[in-house]
>>> print(open('start_39.txt').read())   # compact mmCIF, C-alpha atoms
# COMPACT_ATOMS: atom_id res chain seq x y z
CA MET A 1259 -137.48 -30.02 -27.81
CA ASP A 1260 -139.64 -32.47 -25.84
CA VAL A 1261 -138.58 -35.53 -23.93
CA GLN A 1262 -139.23 -37.84 -26.88
CA ASP A 1263 -136.87 -35.87 -29.10
CA VAL A 1264 -134.19 -35.91 -26.44
CA LEU A 1265 -134.45 -39.69 -26.13
CA ALA A 1266 -134.25 -40.04 -29.90
CA ALA A 1267 -131.15 -37.86 -29.97
CA PHE A 1268 -129.48 -39.93 -27.24
CA THR A 1269 -130.40 -43.12 -29.06
CA ALA A 1270 -128.84 -41.82 -32.27
CA LEU A 1271 -125.77 -40.67 -30.39
CA GLY A 1272 -125.44 -44.09 -28.75
CA ALA A 1273 -125.63 -45.75 -32.12
CA ILE A 1274 -122.87 -43.49 -33.40
CA PHE A 1275 -120.63 -44.37 -30.42
CA SER A 1276 -121.38 -48.06 -30.86
CA GLY A 1277 -120.41 -47.78 -34.51
CA LEU A 1278 -117.20 -46.01 -33.63
CA ALA A 1279 -116.43 -48.61 -30.98
CA ALA A 1280 -117.03 -51.41 -33.45
CA LEU A 1281 -114.84 -49.70 -36.01
CA GLY A 1282 -112.15 -49.25 -33.35
CA MET A 1283 -112.34 -52.94 -32.52
CA VAL A 1284 -111.92 -53.80 -36.19
CA VAL A 1285 -108.88 -51.53 -36.39
CA VAL A 1286 -107.39 -53.05 -33.22
CA VAL A 1287 -108.00 -56.60 -34.42
CA ARG A 1288 -106.44 -55.84 -37.78
CA TRP A 1289 -103.46 -54.20 -36.14
CA GLN A 1290 -103.02 -57.14 -33.76
CA THR A 1291 -103.27 -59.55 -36.66
CA LYS A 1292 -100.74 -57.61 -38.69
CA PHE A 1293 -98.42 -57.21 -35.70
CA GLY A 1294 -98.71 -60.89 -34.84
CA ARG A 1295 -98.02 -61.83 -38.42
CA GLY A 1296 -94.99 -59.56 -38.39
CA LEU A 1297 -93.69 -61.20 -35.22
CA THR A 1298 -94.28 -64.62 -36.72
CA LEU A 1299 -92.46 -63.73 -39.92
CA GLU A 1300 -89.61 -62.18 -37.96
CA SER A 1301 -89.37 -65.28 -35.78
CA MET A 1302 -89.42 -67.54 -38.81
CA SER A 1303 -86.77 -65.42 -40.52
CA SER A 1304 -84.59 -65.50 -37.40
CA GLN A 1305 -85.00 -69.27 -37.12
CA ALA A 1306 -84.16 -69.70 -40.80
CA ALA A 1307 -81.03 -67.58 -40.32
CA VAL A 1308 -79.97 -69.74 -37.37
CA GLU A 1309 -80.58 -72.90 -39.40
CA ARG A 1310 -78.55 -71.51 -42.31
CA GLU A 1311 -75.70 -70.65 -39.95
CA LEU A 1312 -75.77 -74.13 -38.42
CA GLN A 1313 -75.83 -75.68 -41.88
CA LEU A 1314 -72.89 -73.53 -42.97
CA GLU A 1315 -70.93 -74.51 -39.88
CA ALA A 1316 -71.65 -78.19 -40.54
CA GLN A 1317 -70.50 -77.81 -44.15
CA ARG A 1318 -67.37 -75.99 -43.02
CA ARG A 1319 -66.56 -78.70 -40.47
CA GLU A 1320 -66.91 -81.30 -43.20
CA VAL A 1321 -64.58 -79.55 -45.65
CA TRP A 1322 -62.10 -78.64 -42.91
CA THR A 1323 -61.92 -82.28 -41.86
CA ALA A 1324 -61.67 -83.44 -45.49
CA PHE A 1325 -58.83 -80.98 -46.14
CA LEU A 1326 -56.94 -82.10 -43.05
CA ARG A 1327 -57.29 -85.76 -44.02
CA ALA A 1328 -56.23 -85.06 -47.61
CA SER A 1329 -53.14 -83.11 -46.53
CA ASP A 1330 -52.13 -85.78 -43.99
CA ALA A 1331 -52.66 -88.50 -46.62
CA PHE A 1332 -50.46 -86.60 -49.07
CA VAL A 1333 -47.65 -86.10 -46.57
CA ASP A 1334 -47.86 -89.75 -45.52
CA ALA A 1335 -47.55 -90.73 -49.20
CA VAL A 1336 -44.45 -88.54 -49.52
CA TRP A 1337 -42.72 -90.32 -46.63
CA ARG A 1338 -43.75 -93.78 -47.85
CA LEU A 1339 -43.03 -93.15 -51.52
CA ARG A 1340 -39.65 -94.89 -51.45
CA GLU A 1341 -41.49 -98.11 -50.53
CA VAL A 1342 -43.64 -97.90 -53.68
CA ASP A 1343 -42.52 -99.47 -56.94
CA SER A 1344 -40.58 -96.87 -58.93
CA ARG A 1345 -42.97 -97.26 -61.87
CA SER A 1346 -45.96 -96.28 -59.71
CA ARG A 1347 -44.50 -93.47 -57.60
CA ALA A 1348 -45.46 -90.53 -59.83
CA GLU A 1349 -49.05 -91.73 -60.21
CA GLU A 1350 -49.40 -92.44 -56.49
CA LEU A 1351 -48.21 -88.94 -55.63
CA ARG A 1352 -50.33 -87.32 -58.35
CA ALA A 1353 -53.51 -88.96 -57.03
CA ARG A 1354 -52.86 -87.78 -53.48
CA TYR A 1355 -51.97 -84.27 -54.62
CA GLN A 1356 -55.10 -84.02 -56.79
CA ALA A 1357 -57.28 -84.97 -53.83
CA LEU A 1358 -55.55 -82.31 -51.73
CA MET A 1359 -56.12 -79.59 -54.35
CA GLU A 1360 -59.82 -80.48 -54.61
CA ALA A 1361 -60.23 -80.35 -50.84
CA CYS A 1362 -58.48 -76.98 -50.71
CA SER A 1363 -60.73 -75.59 -53.47
CA GLU A 1364 -63.88 -76.58 -51.56
CA LEU A 1365 -62.49 -75.01 -48.40
CA ARG A 1366 -61.83 -71.71 -50.19
CA LEU A 1367 -65.49 -71.51 -51.29
CA LEU A 1368 -66.86 -71.71 -47.74
CA GLY A 1369 -64.26 -69.61 -45.92
CA PRO A 1370 -63.82 -67.83 -43.61
CA ASP A 1371 -60.71 -65.94 -44.67
CA VAL A 1372 -58.70 -66.61 -41.50
CA VAL A 1373 -59.04 -70.39 -41.95
CA VAL A 1374 -58.46 -70.17 -45.70
CA ARG A 1375 -55.14 -68.37 -45.15
CA HIS A 1376 -53.87 -71.10 -42.85
CA ALA A 1377 -55.13 -73.81 -45.19
CA GLU A 1378 -53.26 -72.23 -48.09
CA ALA A 1379 -50.10 -72.17 -45.96
CA VAL A 1380 -50.50 -75.93 -45.45
CA TRP A 1381 -51.08 -76.42 -49.17
CA GLU A 1382 -47.95 -74.40 -50.03
CA ARG A 1383 -45.87 -76.67 -47.81
CA CYS A 1384 -47.31 -79.71 -49.55
CA ALA A 1385 -46.73 -78.16 -52.98
CA CYS A 1386 -43.08 -77.66 -52.10
CA MET A 1387 -42.77 -81.28 -51.00
CA GLU A 1388 -44.50 -82.45 -54.19
CA ARG A 1389 -41.81 -80.87 -56.34
CA TYR A 1390 -39.03 -83.09 -54.98
CA ALA A 1391 -40.90 -86.10 -53.52
CA VAL A 1392 -40.34 -88.52 -56.41
CA ARG A 1393 -36.64 -87.66 -56.74
CA ARG A 1394 -36.26 -88.01 -52.99
CA ALA A 1395 -37.90 -91.45 -53.09
CA VAL A 1396 -35.35 -92.53 -55.72
CA VAL A 1397 -32.40 -91.38 -53.61
CA ARG A 1398 -33.70 -92.60 -50.25
CA SER A 1399 -34.63 -96.05 -51.57
CA ALA A 1400 -31.07 -96.41 -52.93
CA LEU A 1401 -29.50 -95.25 -49.67
CA ASN A 1402 -31.64 -97.62 -47.62
CA ALA A 1403 -30.88 -100.54 -49.92
CA LEU A 1404 -27.14 -99.85 -49.78
CA GLU A 1405 -27.22 -99.48 -46.01
CA ARG A 1406 -28.71 -102.95 -45.67
CA ARG A 1407 -25.80 -104.37 -47.69
CA TRP A 1408 -23.04 -103.25 -45.34
CA CYS A 1409 -22.58 -103.66 -41.63
CA PRO A 1410 -23.90 -100.38 -40.19
CA GLY A 1411 -21.44 -98.78 -37.84
CA ASN A 1412 -18.81 -101.46 -38.40
CA ALA A 1413 -18.07 -101.59 -42.14
CA GLU A 1414 -14.29 -101.92 -41.62
CA ARG A 1415 -14.77 -105.25 -39.83
CA CYS A 1416 -17.14 -106.59 -42.46
CA GLU A 1417 -14.59 -109.17 -43.67
CA GLU A 1418 -14.25 -110.65 -40.19
CA ARG A 1419 -17.99 -110.88 -39.64
CA CYS A 1420 -19.39 -111.62 -43.09
CA GLY A 1421 -16.60 -112.93 -45.24
CA VAL A 1422 -17.80 -110.93 -48.26
CA SER A 1423 -15.94 -107.69 -47.74
CA ASP A 1424 -15.73 -106.64 -51.38
CA ALA A 1425 -19.47 -106.39 -51.94
CA HIS A 1426 -20.14 -104.96 -48.49
CA ASN A 1427 -17.40 -102.38 -48.76
CA CYS A 1428 -18.64 -101.33 -52.20
CA ALA A 1429 -22.10 -100.83 -50.69
CA TRP A 1430 -20.60 -98.79 -47.87
CA LEU A 1431 -18.52 -96.63 -50.22
CA ALA A 1432 -21.50 -96.09 -52.53
CA HIS A 1433 -23.61 -95.08 -49.54
CA VAL A 1434 -21.05 -92.55 -48.33
CA MET A 1435 -20.55 -91.22 -51.85
CA LEU A 1436 -24.30 -90.86 -52.43
CA GLU A 1437 -24.93 -89.12 -49.11
CA GLY A 1438 -22.42 -86.38 -49.89
CA TRP A 1439 -23.15 -86.19 -53.59
CA GLY A 1440 -24.35 -82.61 -53.44
CA ASN A 1441 -20.93 -81.43 -52.22
CA ARG A 1442 -18.97 -82.88 -55.14
CA ASP A 1443 -17.37 -80.63 -57.74
CA ASP A 1444 -19.39 -80.24 -60.94
CA ASP A 1445 -16.35 -80.90 -63.12
CA ASP A 1446 -15.69 -84.23 -61.41
CA ARG A 1447 -19.31 -85.37 -61.40
CA PRO A 1448 -19.34 -87.30 -64.74
CA GLU A 1449 -16.39 -89.44 -63.66
CA ASP A 1450 -17.80 -89.78 -60.15
CA LEU A 1451 -21.12 -90.85 -61.62
CA ASP A 1452 -19.44 -93.73 -63.45
CA HIS A 1453 -17.66 -94.72 -60.25
CA LEU A 1454 -20.95 -94.58 -58.30
CA GLU A 1455 -22.60 -96.89 -60.82
CA TYR A 1456 -19.68 -99.30 -60.58
CA LEU A 1457 -19.86 -99.40 -56.76
CA ILE A 1458 -23.61 -100.00 -56.80
CA ARG A 1459 -23.30 -102.83 -59.29
CA GLU A 1460 -20.48 -104.42 -57.29
CA SER A 1461 -22.38 -104.09 -54.03
CA GLY A 1462 -24.81 -106.85 -54.98
CA VAL A 1463 -27.79 -104.61 -54.32
CA LEU A 1464 -29.23 -104.96 -57.84
CA ALA A 1465 -31.90 -107.58 -58.46
CA GLY A 1466 -32.17 -107.41 -62.27
CA ASP A 1467 -34.40 -105.88 -64.91
CA SER A 1468 -37.62 -107.77 -64.22
CA ALA A 1469 -37.30 -108.33 -60.49
CA ALA A 1470 -40.01 -106.89 -58.30
CA ALA A 1471 -38.90 -104.23 -55.86
CA GLU A 1472 -38.19 -105.71 -52.45
CA SER A 1473 -36.82 -104.42 -49.19
CA GLY A 1474 -33.12 -103.79 -49.64
CA VAL A 1475 -33.17 -104.48 -53.40
CA LEU A 1476 -32.82 -102.15 -56.38
CA THR A 1477 -33.80 -102.91 -59.96
CA GLU A 1478 -32.07 -101.72 -63.11
CA ASP A 1479 -34.86 -99.16 -63.46
CA ASP A 1480 -34.10 -97.89 -59.97
CA LEU A 1481 -30.44 -97.50 -60.87
CA HIS A 1482 -31.35 -95.71 -64.09
CA TRP A 1483 -33.52 -93.18 -62.21
CA LEU A 1484 -30.88 -92.75 -59.50
CA LEU A 1485 -28.17 -91.89 -61.99
CA ALA A 1486 -30.52 -89.47 -63.76
CA VAL A 1487 -31.29 -87.67 -60.49
CA ALA A 1488 -27.63 -87.64 -59.49
CA GLY A 1489 -26.77 -86.05 -62.84
CA ASN A 1490 -28.68 -82.95 -61.77
CA PRO A 1491 -28.33 -82.82 -57.97
CA VAL A 1492 -30.52 -79.80 -57.22
CA SER A 1493 -31.34 -79.47 -53.48
CA TRP A 1494 -29.52 -82.70 -52.76
CA ASP A 1495 -29.70 -82.10 -49.00
CA LEU A 1496 -33.48 -82.43 -49.25
CA LEU A 1497 -33.23 -85.60 -51.31
CA ALA A 1498 -30.72 -87.47 -49.17
CA ALA A 1499 -31.61 -86.40 -45.63
CA GLU A 1500 -33.20 -88.99 -43.34
CA ASP A 1501 -36.87 -88.50 -42.52
CA ARG A 1502 -36.17 -87.62 -38.90
CA TRP A 1503 -33.94 -84.73 -40.03
CA LEU A 1504 -35.94 -83.54 -43.03
CA ARG A 1505 -39.48 -83.68 -41.68
CA PRO A 1506 -39.14 -80.75 -39.24
CA ARG A 1507 -37.54 -78.70 -42.04
CA THR A 1508 -40.56 -79.09 -44.33
CA GLY A 1509 -42.61 -76.84 -42.02
CA TYR A 1510 -45.68 -79.01 -42.55
CA ASP A 1511 -46.32 -79.86 -38.91
CA GLU A 1512 -46.06 -76.19 -37.93
CA SER A 1513 -48.46 -75.04 -40.66
CA ARG A 1514 -50.87 -77.86 -39.87
CA GLY A 1515 -50.89 -76.88 -36.20
CA ALA A 1516 -51.66 -73.25 -37.11
CA PHE A 1517 -54.56 -74.39 -39.31
CA VAL A 1518 -56.05 -76.54 -36.55
CA SER A 1519 -55.65 -73.70 -34.02
CA SER A 1520 -57.45 -71.25 -36.33
CA VAL A 1521 -60.36 -73.67 -36.69
CA ARG A 1522 -60.59 -74.29 -32.96
CA THR A 1523 -60.49 -70.56 -32.21
CA LEU A 1524 -63.29 -69.92 -34.68
CA LEU A 1525 -65.46 -72.73 -33.30
CA VAL A 1526 -64.99 -71.61 -29.70
CA GLY A 1527 -65.81 -68.02 -30.71
CA THR A 1528 -69.10 -69.12 -32.27
CA GLY A 1529 -70.04 -71.43 -29.42
CA GLY A 1530 -69.23 -74.60 -31.34
CA ALA A 1531 -67.41 -77.68 -30.11
CA ALA A 1532 -63.77 -77.85 -31.14
CA THR A 1533 -62.97 -81.30 -29.73
CA GLU A 1534 -62.86 -82.98 -33.17
CA PHE A 1535 -59.92 -80.83 -34.30
>>> encode(input="start_39.txt", output="structure tokens")
Amino acid sequence: MDVQDVLAAFTALGAIFSGLAALGMVVVVRWQTKFGRGLTLESMSSQAAVERELQLEAQRREVWTAFLRASDAFVDAVWRLREVDSRSRAEELRARYQALMEACSELRLLGPDVVVRHAEAVWERCACMERYAVRRAVVRSALNALERRWCPGNAERCEERCGVSDAHNCAWLAHVMLEGWGNRDDDDRPEDLDHLEYLIRESGVLAGDSAAAESGVLTEDDLHWLLAVAGNPVSWDLLAAEDRWLRPRTGYDESRGAFVSSVRTLLVGTGGAATEF
């Protein structure tokens, strides 16, 4: 082999190496492109996951807040129900309770389970209150009206102070009788019911059939509902107790506090702000 052949061989070999190098570059570029695309897709997927989580948290905050407002509005309606006209009480309570059930249903869809459990505990307390709220409003409105007709704490001296002892004393006796109604003997209740109606009518607390409900005034409809409730005095201690005594017994405040605590714990655990709850 002469020098010219050797040079030709080296030239051919160089071309082969150049081709291999170029092919290697193509492979490297393709791999870098594919790897870069993979990183980009992974980054985009991670960002989308974060955005979905943030959106879910925002939705959860919204339904948690809506549920809390709905439950508070319902409980507030329960305590104010005696101030509502007797013909509108059932509808007022039904509207509040329906809003609460809808809020609870939305909360169940978004979870998480730990918050849902506490929310359902709040709802159960409200459901229990709903079962006796209207009857309680009937009894409490009557007790409050009667109390305004006698001299609180000094009924025995009513004649000296007011000069209308008969009406005031009837109001006082009706009030005492109604407060302890649940303790009366079942056999005596029909006769006692007639006596209760007599005392209420003689107390001067009735305003008449068409009179609008006012503070300290009962209508004939109010009396009709009161006598109907008194005819079946189930859980009378819940119906007659003053708000300050009954409210702690409902368990609502305790269940509400547990719900709020569960939300705050979850938000702190995920790095969210819990100041709004």
>>> residues_around(input="start_39.txt", residues="Ala1400 of chain A", least_positions_apart="5", cutoff="8 Å", atoms="all atoms listed in the file", output="list in words")
Leu1476, Asp1480 and Leu1484 of chain A
>>> write_last_selection(input="start_39.txt", atoms="C-alpha atoms", output="PDB file, in the coordinates of the input")
ATOM      1  CA  LEU A1476     -32.820-102.150 -56.380  1.00  0.00           C
ATOM      2  CA  ASP A1480     -34.100 -97.890 -59.970  1.00  0.00           C
ATOM      3  CA  LEU A1484     -30.880 -92.750 -59.500  1.00  0.00           C
TER       4      LEU A1484
END
>>> atom_distance(input="start_39.txt", atom1="atom CA of Arg1347 of chain A", atom2="atom CA of Val1392 of chain A")
6.6 Å
>>> closest_residue(input="start_39.txt", among="A:Met1359, A:Ala1385, A:Ala1331, A:Leu1368", to="Ala1316 of chain A", atoms="all atoms listed in the file")
A:Leu1368
>>> residues_around(input="start_39.txt", residues="Ala1348 of chain A", least_positions_apart="3", cutoff="12 Å", atoms="all atoms listed in the file", output="PyMOL selection string")
chain A and resi 1335-1336+1339-1340+1342-1345+1351-1355+1388-1396
>>> residues_around(input="start_39.txt", residues="Trp1408 of chain A", least_positions_apart="6", cutoff="8 Å", atoms="all atoms listed in the file", output="NGL selection string")
:A and (1416 or 1426-1427 or 1429-1430)
>>> closest_residue(input="start_39.txt", among="A:Ala1486, A:Ala1403, A:Leu1326, A:Asp1452", to="Ala1465 of chain A", atoms="all atoms listed in the file")
A:Ala1403
>>> atom_distance(input="start_39.txt", atom1="atom CA of Ser1399 of chain A", atom2="atom CA of Phe1325 of chain A")
29.0 Å
